[in-house]
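Input: a single structure, listed below in structure tokens.
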Amino acid sequence: MSILLGIKNVRRNPVRLIVAVLLISIPMFLVLVVNVLSVGVAEDTATLKENVNNKLQIRAKGALGHVNMLQGQDKLLPVSVLEEVRKVDHITKVESYLLAMSPLPNASHFAIIVGITPGDTKRLETHGETGGPRIIAGRDLRPEDENKDVGVIGKIYAKEFGITPENFKPTKIVLDPSLSTEIIYPVKGEAKEIEIVGIFESGYVFGDLQLFIPKDTFKKIYPPADNGLSWIFVTVDSADNIPAVTSELKRTVGSFADIFSPKNTAQFVSSAGSAITNMSAVGTVVAGILALIVVFFVTLITVRERKKEIGTLKSMGASNKDIIGQFLAESITFTMIGSGIALVIFLLAGNVLVEPLFGKLNGLSLKALLILIAVSVIVAVLGSLYSIFKIIKLSPVEAMRNE
Amino acid sequence: MIKLTDVIKKYSKGSTSVVALNKINLTIDKPLMTAIIGPSGSGKSTLLHIIGGMDKPTSGTVKVFDSELGQMSEKELTHYRLKRVGFVFQSFNLIPNLTALENVMLPLEFGGIPHLEREKRATSLLEQVGLQQRVHHKPTELSGGEMQRVAIARALANDPTLILADEPTGNLDSESGEQIIKLLKNMATERIVIVVTHNEKIVSKADMVFRIRDGVLE
């Protein structure tokens, strides 16, 4: 009955109850808003973290990794790196590439030939991190193109062969590894006819000077030394794990490879997500402290008013546990009523009140509701402990005398 | 049996020490109604509180039913008040938002009695004090005499062997006072009843009377 008495006691002073629950409902409304916003942002950032550029590029130390490039740029990664990389936690995908340079037929510039596993992402030489070439004529490479002498070509490179998107039809071009320039040296591979099955556009001039062919075809034309690899791209499961994966890769393969991590969106999303989570925690704590102050003063006044009654209960044999239970039940009850009012305000008018400041709110999540309940209980308990422990220390006579 | 030996109780009031009880020696060894009388501030209520385990003496021994109260821990004193003692106060001290029945059920709940048994026993006690029609009334709906009868029923809830009443008729008219004296007298057939009072009628009905003045038993 001490618990029931505590719950019943809530109604003893209706004016105080109304003032207390209204005062508590304001910070509790803030707790709800902050956590609903936080849950919404967390969901958005979680999606972003999975979808922003979570790729790390690995290349032989100090080299671009082109199999036929002079000036020491032809250093390749040993194929054993693939095994090392696959052992690292949080890596969800590993893609390897081979690159060679080929002089343009009618110009002094060169194109980049990229050996790719058909189906893997087509990466652009100068914009490896953000490359997103799209097919504008014909078709893309497909898994069944493995081992076939086919390719998709950038629209500027295509133009060199008179192939345009407007009158596109599969056309054969020749890749000759014996050709050289001042930065390209000839390699001992077989010249091959490649059937162009599609044209892509990347938005970058340099990107549109690339040709993607199956890796096995590439190896026949530009055999890589020791079967090495030009690039490896690894996909990390979340932007949050990029620093850890980078550090692990540096530890395992860093002695002979450079690791390039995205320094932009992924890190921003990760740090923004953490900042929002921290801010919502701070907001919850601040709102909780405001509610705690209300509970503290309400309980302090209540306990002072009922000193004689507490003395009477003690004289009847009420234990400290009974007294504590009664007052905790009372403070939890009125704090919960305050939180209930906050919840009703949130459901009825949350968007009207919050939208001008923070935009449209997501719906109430279970997590936000549980946080509200937990904060209410914690606030009720912490806010009333001081007053309760002060009164239970008194003997029954002292409690009654101080009335 | 109650036996107080050389009980002294001092209070600190600022820098001065006030002697509320000065070497009290008192023995009550059988169920009877004992009245303690004396002027205001003489130490009557303090004596009652010490016997009831609500306060501790500064020195001396208080032995109640073979238990030395001064040796008891807080927990043991709580148990002593719960099981052995029933208090009746001048201003009734009922819990205002509980009904008469719920007020009487309170000490039973502190004693861990199951709900149904509590309700049955509390109803029976209220019948014994003639309040069977007022069971579900709250204190504000009861007269002074009725409130004091609820308080007496509550004091009897855990069937204590000692009833301590502090000016039980102080706030009552003479008719209600008579009823309360009658109830207390009836209780004294099975229990030790100690009444602190100014009421001459109680004194006349008491089996034993102690007079106290300036903390000294005369």
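Simple scheme: letters A, B, ... for chains in structure tokens order, numbers from 1 for residues in each chain, numbers from 1 for ligands in the order shown.
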
Next item on the list: Within region 5-218 of chain B, find each residue whose DSSP state, derived from the backbone, is alpha helix (DSSP H), and express the selection as a VMD selection string.
Entry: chain B and resid 44 to 51 74 to 83 100 to 110 115 to 128 144 to 155 174 to 187 200 to 205

Please, which residues in chain A fall within 10 Å of chain B when counting only C-alpha atoms, and what is the closest atom pair and distance in Å to one decimal for each, ordered by chain then residue number, as a tab-separated table?
```
residue	atom	partner	partner_atom	distance
A:Met1	CA	B:Glu109	CA	6.5
A:Ser2	CA	B:Glu109	CA	8.2
A:Leu5	CA	B:Leu98	CA	8.1
A:Lys8	CA	B:Asn97	CA	7.5
A:Asn9	CA	B:Asn97	CA	7.2
A:Arg11	CA	B:Asn97	CA	8.7
A:Arg12	CA	B:Asn97	CA	7.0
A:Arg306	CA	B:Ile95	CA	9.9
A:Lys308	CA	B:Asn93	CA	8.0
A:Glu309	CA	B:Asn93	CA	6.9
A:Ile310	CA	B:Ile95	CA	9.8
A:Gly311	CA	B:Met54	CA	9.1
A:Thr312	CA	B:Asn93	CA	6.6
A:Leu313	CA	B:Pro107	CA	8.1
A:Lys314	CA	B:Thr78	CA	7.3
A:Ser315	CA	B:Arg81	CA	6.2
A:Met316	CA	B:Leu82	CA	5.5
A:Gly317	CA	B:Leu82	CA	3.9
A:Ala318	CA	B:Phe110	CA	5.6
A:Ser319	CA	B:Thr78	CA	6.3
A:Asn320	CA	B:Lys75	CA	8.9
A:Lys321	CA	B:Phe110	CA	9.9
A:Asp322	CA	B:Phe110	CA	7.4
A:Ser395	CA	B:Met54	CA	6.5
A:Pro396	CA	B:Met54	CA	5.5
A:Val397	CA	B:Met54	CA	5.8
A:Glu398	CA	B:Asp55	CA	8.3
```

Next item on the list: Find the distance between CA of Val216 (chain B) and CA of Ile37 (chain B) and write it in Å to one decimal.
Entry: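 Those two atoms sit 11.7 Å apart.
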
Next item on the list: To one decimal in Å, tell me the separation between CA of Ser331 (chain A) and CA of His137 (chain B).
Entry: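 For CA of Ser331 (chain A) relative to CA of His137 (chain B), the distance reads 26.4 Å.
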
Next item on the list: Can you work out the spacing between CA of Tyr157 (chain A) and CA of Lys188 (chain A) in Å, to one decimal?
Entry: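 Separation of CA of Tyr157 (chain A) and CA of Lys188 (chain A): 23.5 Å.
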
Margin query: With only C-alpha atoms as the counted atoms, please give the residues lying no more than 10 Å from Thr181 (chain A), apart from itself and same-chain residues fewer than 6 positions off, as JSON, numbers by chain.
Written below: {"A": [69, 70, 101, 102, 103, 108, 109, 110]}

Next item on the list: Would you kindly return, as a list in words, each protein, DNA or RNA residue with an atom no farther than 9 Å from any atom of Asn22 (chain B), considering only C-alpha atoms and excluding same-chain residues fewer than 4 positions away?
Entry: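 Selected residues are Asp6, Val7, Ile8, Lys9, Lys10, Asp214, Gly215, Val216 and Leu217 of chain B.
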
Note to self: Can you tell me, as a list in words, which residues in region 93-215 of chain B count as strand (DSSP E) by DSSP?
What the structure shows: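 Put together, the selection reads Leu162, Ile163, Leu164, Ala165, Asp166, Ile192, Val193, Ile194, Val195, Val196, Met208, Val209, Phe210, Arg211, Ile212 and Arg213 of chain B.
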
Next item on the list: Find the residues near Val196 (chain B): any atom within 12 Å, counting only C-alpha atoms, skip ones fewer than 2 places away on the same chain, and give them as a ChimeraX atom specification.
Entry: /B:33-40,42-49,87-90,163-170,193-194,198-200,202-203,206,208-212

Filtering to N, CA and C atoms, could you give me those residues as a tab-separated table (two decimals), in the first residue's frame?
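again.tsv, freshly written:
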```tsv
chain	number	residue	atom	x	y	z
B	33	MET	N	-4.33	0.41	33.20
B	33	MET	CA	-4.27	1.74	32.61
B	33	MET	C	-3.49	2.66	33.54
B	34	THR	N	-2.43	3.21	32.98
B	34	THR	CA	-1.58	4.10	33.76
B	34	THR	C	-1.71	5.52	33.21
B	35	ALA	N	-1.89	6.48	34.09
B	35	ALA	CA	-1.96	7.87	33.64
B	35	ALA	C	-0.69	8.58	34.06
B	36	ILE	N	-0.17	9.37	33.17
B	36	ILE	CA	0.98	10.22	33.51
B	36	ILE	C	0.50	11.66	33.41
B	37	ILE	N	0.57	12.34	34.49
B	37	ILE	CA	0.05	13.72	34.48
B	37	ILE	C	1.17	14.69	34.89
B	38	GLY	N	0.96	15.90	34.53
B	38	GLY	CA	1.94	16.93	34.87
B	38	GLY	C	1.72	18.15	33.99
B	39	PRO	N	2.31	19.27	34.38
B	39	PRO	CA	2.11	20.49	33.59
B	39	PRO	C	2.79	20.39	32.21
B	40	SER	N	2.44	21.30	31.33
B	40	SER	CA	3.04	21.33	30.00
B	40	SER	C	4.56	21.50	30.12
B	42	SER	N	6.63	19.30	31.14
B	42	SER	CA	7.22	18.59	32.28
B	42	SER	C	7.97	17.33	31.86
B	43	GLY	N	7.75	16.88	30.63
B	43	GLY	CA	8.46	15.69	30.14
B	43	GLY	C	7.57	14.48	29.94
B	44	LYS	N	6.24	14.67	30.04
B	44	LYS	CA	5.30	13.53	29.92
B	44	LYS	C	5.41	12.86	28.55
B	45	SER	N	5.31	13.70	27.51
B	45	SER	CA	5.33	13.13	26.14
B	45	SER	C	6.68	12.52	25.84
B	46	THR	N	7.75	13.15	26.33
B	46	THR	CA	9.10	12.60	26.10
B	46	THR	C	9.19	11.21	26.70
B	47	LEU	N	8.63	11.06	27.90
B	47	LEU	CA	8.64	9.75	28.55
B	47	LEU	C	7.89	8.72	27.71
B	48	LEU	N	6.74	9.14	27.19
B	48	LEU	CA	5.93	8.26	26.36
B	48	LEU	C	6.69	7.85	25.09
B	49	HIS	N	7.36	8.83	24.48
B	49	HIS	CA	8.11	8.55	23.24
B	49	HIS	C	9.26	7.59	23.49
B	87	PHE	N	0.23	3.64	18.96
B	87	PHE	CA	0.20	5.04	19.41
B	87	PHE	C	-1.16	5.67	19.12
B	88	VAL	N	-1.59	6.49	20.09
B	88	VAL	CA	-2.80	7.30	19.86
B	88	VAL	C	-2.39	8.75	20.14
B	89	PHE	N	-2.61	9.62	19.14
B	89	PHE	CA	-2.14	11.01	19.29
B	89	PHE	C	-3.31	11.96	19.58
B	90	GLN	N	-2.96	13.08	20.17
B	90	GLN	CA	-3.97	14.08	20.49
B	90	GLN	C	-4.70	14.57	19.22
B	163	ILE	N	-0.18	0.13	24.60
B	163	ILE	CA	-0.84	1.25	23.92
B	163	ILE	C	-0.38	2.54	24.59
B	164	LEU	N	0.11	3.46	23.80
B	164	LEU	CA	0.58	4.74	24.32
B	164	LEU	C	-0.30	5.84	23.75
B	165	ALA	N	-0.93	6.58	24.62
B	165	ALA	CA	-1.84	7.62	24.16
B	165	ALA	C	-1.40	8.97	24.70
B	166	ASP	N	-1.21	9.90	23.80
B	166	ASP	CA	-0.72	11.23	24.18
B	166	ASP	C	-1.89	12.22	24.10
B	167	GLU	N	-2.41	12.60	25.24
B	167	GLU	CA	-3.57	13.52	25.31
B	167	GLU	C	-4.69	13.08	24.36
B	168	PRO	N	-5.18	11.84	24.50
B	168	PRO	CA	-6.14	11.32	23.52
B	168	PRO	C	-7.48	12.05	23.51
B	169	THR	N	-7.79	12.76	24.59
B	169	THR	CA	-9.09	13.46	24.63
B	169	THR	C	-8.90	14.97	24.51
B	170	GLY	N	-7.67	15.38	24.29
B	170	GLY	CA	-7.33	16.82	24.28
B	170	GLY	C	-8.11	17.63	23.26
B	193	VAL	N	-1.73	0.07	29.06
B	193	VAL	CA	-2.13	1.32	28.40
B	193	VAL	C	-1.56	2.47	29.21
B	194	ILE	N	-0.77	3.28	28.57
B	194	ILE	CA	-0.21	4.44	29.26
B	194	ILE	C	-0.78	5.69	28.59
B	198	HIS	N	-4.22	15.50	30.77
B	198	HIS	CA	-4.61	16.50	31.76
B	198	HIS	C	-6.03	16.20	32.23
B	199	ASN	N	-6.65	15.20	31.57
B	199	ASN	CA	-8.07	14.93	31.79
B	199	ASN	C	-8.28	14.21	33.13
B	200	GLU	N	-9.00	14.87	34.02
B	200	GLU	CA	-9.25	14.32	35.37
B	200	GLU	C	-10.04	13.02	35.31
B	202	ILE	N	-9.83	10.71	33.07
B	202	ILE	CA	-8.91	9.61	32.78
B	202	ILE	C	-8.16	9.25	34.05
B	203	VAL	N	-7.73	10.29	34.76
B	203	VAL	CA	-6.97	10.06	36.00
B	203	VAL	C	-7.82	9.24	36.98
B	206	ALA	N	-7.87	5.64	35.92
B	206	ALA	CA	-6.58	4.96	35.79
B	206	ALA	C	-6.31	4.06	36.99
B	208	MET	N	-3.22	3.31	37.81
B	208	MET	CA	-1.99	3.83	38.41
B	208	MET	C	-1.77	5.24	37.87
B	209	VAL	N	-1.29	6.13	38.67
B	209	VAL	CA	-1.06	7.50	38.21
B	209	VAL	C	0.36	7.93	38.60
B	210	PHE	N	1.07	8.45	37.62
B	210	PHE	CA	2.40	9.04	37.90
B	210	PHE	C	2.31	10.53	37.65
B	211	ARG	N	2.92	11.28	38.52
B	211	ARG	CA	2.94	12.73	38.35
B	211	ARG	C	4.38	13.12	38.01
B	212	ILE	N	4.53	13.92	37.02
B	212	ILE	CA	5.88	14.32	36.62
B	212	ILE	C	5.96	15.85	36.62
```
